[in-house]
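To keep things clear, I will list the structure first and then write my remarks on it.
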Amino acid sequence: MNILFFDIDGTLIDSGGAGRLAMESALLAEFGITVSDRHVPYAGRTDAAIIGDLLRAHELDVTPENIKRFLVAYLGHLPVCLTQRQGQALPGVRLLLEALQGRSDVLLGLLTGNVEAGATNKLSHFGLNHFFQCGGFADNLVERNDVARAARQRAEQYLGREIDETITLWVIGDTPHDVTCGRAIGARVLAVATGSHSVDQLKTAEPDHVVSDLTDTDQLLALWVK
Ligand SMILES: [Mg+2]
């Protein structure tokens with residue numbers, strides 16, 4: 001059996017910048033601050049890590065209370081931002097998930113830096129949420145490796161058994177952070193260059209496979225199903 005943990009942003013969807021817009025809208029609405037520091041990196045990072053950097057960059061205290069306020073405002077803005085921006089499910093994603101769903105030898109999971117409510121909102125917007133049976137989300141977690149451990153644990157709970165050597169874990173993601181967190185849980189990693197990193201950049205992180213996108217359904221199915 002294979003458990004496939006998919007990253008969301010840059011892997012399954014391109015939100016058209018809706019996530020970043022919702023973060024910036026939250027900063028303005030909740031803290032009265034217009035983003036002045038555009039150097040805060042988003043790709044492959046958890047919501048809490050991004051929010052912590054945004055608060056610090058604008059000389060706000062990184063307290064649990066401020067992170068909570070920020071998150072609530074972010075989740076409030078996200079649906080409107082998703083509608084405003086012209087995002088899309090990334091090429092090949094829907095066909096691949098349709099080919100994998102319902103198989104007893106594949107479990108479809110998520111492994112994302114999004115908090116669960118944000119992940120659900122983004123995937124539902126693009127009609128993809130129903131494909132996933134379990135997931136690791138970044139609620140109350142800052143480090144992506146901890147999210148990976150949470151995803152592994154959720155998969156064990158879903159299956160009602162421990163993950164042993166008969167089960168192969170895979171992480172599918174678009175950044176070197178996805179490779180690193182995959183290694184943290186003993187997973188193989190398929191890197192996909194539909195996000196912020198090119199094939200060559202991803203190769204330096206040494207994933208097991210690198211593809212330019214997820215359109216070659218047959219090639220990908222050959223990795224995961226007999
Ligand atoms: Mg990503």
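Please note that chains go A, B, ... in the order of the structure tokens, that every chain numbers its residues from 1, and that ligands are numbered from 1 in the order shown.
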Neighbours of ligand 1 within 10 Å, counting only C-alpha atoms and all ligand atoms, as a count of residues only? 31
Please provide the set of residues having any atom within 9 Å of A:Glu143, restricted to only C-alpha atoms, with same-chain residues fewer than 2 positions apart removed, written as a PDB file with N, CA and C atoms, in the first residue's frame.
```
ATOM      1  N   ARG A  45       6.109  26.906   3.567  1.00  0.00           N
ATOM      2  CA  ARG A  45       6.163  27.221   5.000  1.00  0.00           C
ATOM      3  C   ARG A  45       4.783  27.119   5.642  1.00  0.00           C
ATOM      4  N   THR A  46       4.773  27.028   6.961  1.00  0.00           N
ATOM      5  CA  THR A  46       3.480  26.937   7.651  1.00  0.00           C
ATOM      6  C   THR A  46       2.869  28.321   7.820  1.00  0.00           C
ATOM      7  N   ALA A  48       1.668  29.589  10.499  1.00  0.00           N
ATOM      8  CA  ALA A  48       2.166  30.215  11.726  1.00  0.00           C
ATOM      9  C   ALA A  48       3.558  30.820  11.515  1.00  0.00           C
ATOM     10  N   ALA A  49       4.394  30.147  10.720  1.00  0.00           N
ATOM     11  CA  ALA A  49       5.738  30.677  10.447  1.00  0.00           C
ATOM     12  C   ALA A  49       5.647  31.959   9.618  1.00  0.00           C
ATOM     13  N   GLY A 113       1.233  23.217   4.974  1.00  0.00           N
ATOM     14  CA  GLY A 113       1.503  24.284   5.932  1.00  0.00           C
ATOM     15  C   GLY A 113       0.279  25.127   6.241  1.00  0.00           C
ATOM     16  N   ALA A 138      -1.405  22.500   9.724  1.00  0.00           N
ATOM     17  CA  ALA A 138      -0.436  23.237  10.535  1.00  0.00           C
ATOM     18  C   ALA A 138      -1.061  23.980  11.717  1.00  0.00           C
ATOM     19  N   LEU A 141       1.072  24.407  14.796  1.00  0.00           N
ATOM     20  CA  LEU A 141       2.415  23.926  14.479  1.00  0.00           C
ATOM     21  C   LEU A 141       3.146  24.964  13.625  1.00  0.00           C
ATOM     22  N   ASN A 145       8.223  19.869   9.552  1.00  0.00           N
ATOM     23  CA  ASN A 145       8.512  18.480   9.919  1.00  0.00           C
ATOM     24  C   ASN A 145       7.501  17.959  10.949  1.00  0.00           C
ATOM     25  N   ASP A 146       7.043  18.838  11.837  1.00  0.00           N
ATOM     26  CA  ASP A 146       6.020  18.437  12.812  1.00  0.00           C
ATOM     27  C   ASP A 146       4.679  18.181  12.112  1.00  0.00           C
ATOM     28  N   VAL A 147       4.404  18.958  11.072  1.00  0.00           N
ATOM     29  CA  VAL A 147       3.180  18.726  10.290  1.00  0.00           C
ATOM     30  C   VAL A 147       3.254  17.336   9.632  1.00  0.00           C
TER      31      VAL A 147
END
```
Give one line per residue of stretch 88-137 of chain A that approaches stretch 59-74 of chain A to at most 12 Å, naming the two atoms of the closest pair and their distance in Å to one decimal, counting only C-alpha atoms; sort by chain then ascending residue number and deliver it as JSON lines.
```
{"residue": "A:Asn114", "atom": "CA", "partner": "A:Leu71", "partner_atom": "CA", "distance": 10.5}
{"residue": "A:Val115", "atom": "CA", "partner": "A:Leu71", "partner_atom": "CA", "distance": 8.8}
{"residue": "A:Glu116", "atom": "CA", "partner": "A:Leu71", "partner_atom": "CA", "distance": 11.4}
{"residue": "A:Ala117", "atom": "CA", "partner": "A:Val72", "partner_atom": "CA", "distance": 10.1}
{"residue": "A:Gly118", "atom": "CA", "partner": "A:Tyr74", "partner_atom": "CA", "distance": 8.6}
{"residue": "A:Asn121", "atom": "CA", "partner": "A:Tyr74", "partner_atom": "CA", "distance": 11.6}
```
Could you write out the selected residues, including N, CA and C atoms, as an mmCIF file, in the first residue's frame?
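Resulting contents of again-v9.cif:
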```cif
data_model
loop_
_atom_site.group_PDB
_atom_site.id
_atom_site.type_symbol
_atom_site.label_atom_id
_atom_site.label_comp_id
_atom_site.auth_asym_id
_atom_site.auth_seq_id
_atom_site.Cartn_x
_atom_site.Cartn_y
_atom_site.Cartn_z
ATOM 1 N N ASN A 114 -0.828 24.860 5.534
ATOM 2 C CA ASN A 114 -2.086 25.555 5.816
ATOM 3 C C ASN A 114 -2.705 25.038 7.115
ATOM 4 N N VAL A 115 -3.399 25.911 7.829
ATOM 5 C CA VAL A 115 -4.275 25.409 8.886
ATOM 6 C C VAL A 115 -5.433 24.682 8.203
ATOM 7 N N GLU A 116 -6.091 23.789 8.952
ATOM 8 C CA GLU A 116 -7.070 22.902 8.309
ATOM 9 C C GLU A 116 -8.210 23.679 7.644
ATOM 10 N N ALA A 117 -8.711 24.709 8.319
ATOM 11 C CA ALA A 117 -9.840 25.465 7.749
ATOM 12 C C ALA A 117 -9.434 26.147 6.441
ATOM 13 N N GLY A 118 -8.201 26.637 6.372
ATOM 14 C CA GLY A 118 -7.713 27.276 5.150
ATOM 15 C C GLY A 118 -7.524 26.262 4.037
ATOM 16 N N ASN A 121 -10.918 25.266 2.722
ATOM 17 C CA ASN A 121 -11.473 26.357 1.925
ATOM 18 C C ASN A 121 -10.834 26.391 0.531
#
```
Could you tell me how far atom CA of A:Asn129 sits from atom CA of A:Gly102, in Å to one decimal place? 14.3 Å
Return as CSV the residues of stretch 86-150 of chain A lying at most 12 Å from stretch 203-212 of chain A, together with the closest atom-to-atom pair for each and the distance in Å to one decimal, counting only C-alpha atoms, with rows in chain order and ascending residue number.
```
residue,atom,partner,partner_atom,distance
A:Leu90,CA,A:Ser212,CA,11.4
A:Pro91,CA,A:Ser212,CA,10.2
A:Gly92,CA,A:Ser212,CA,11.1
```
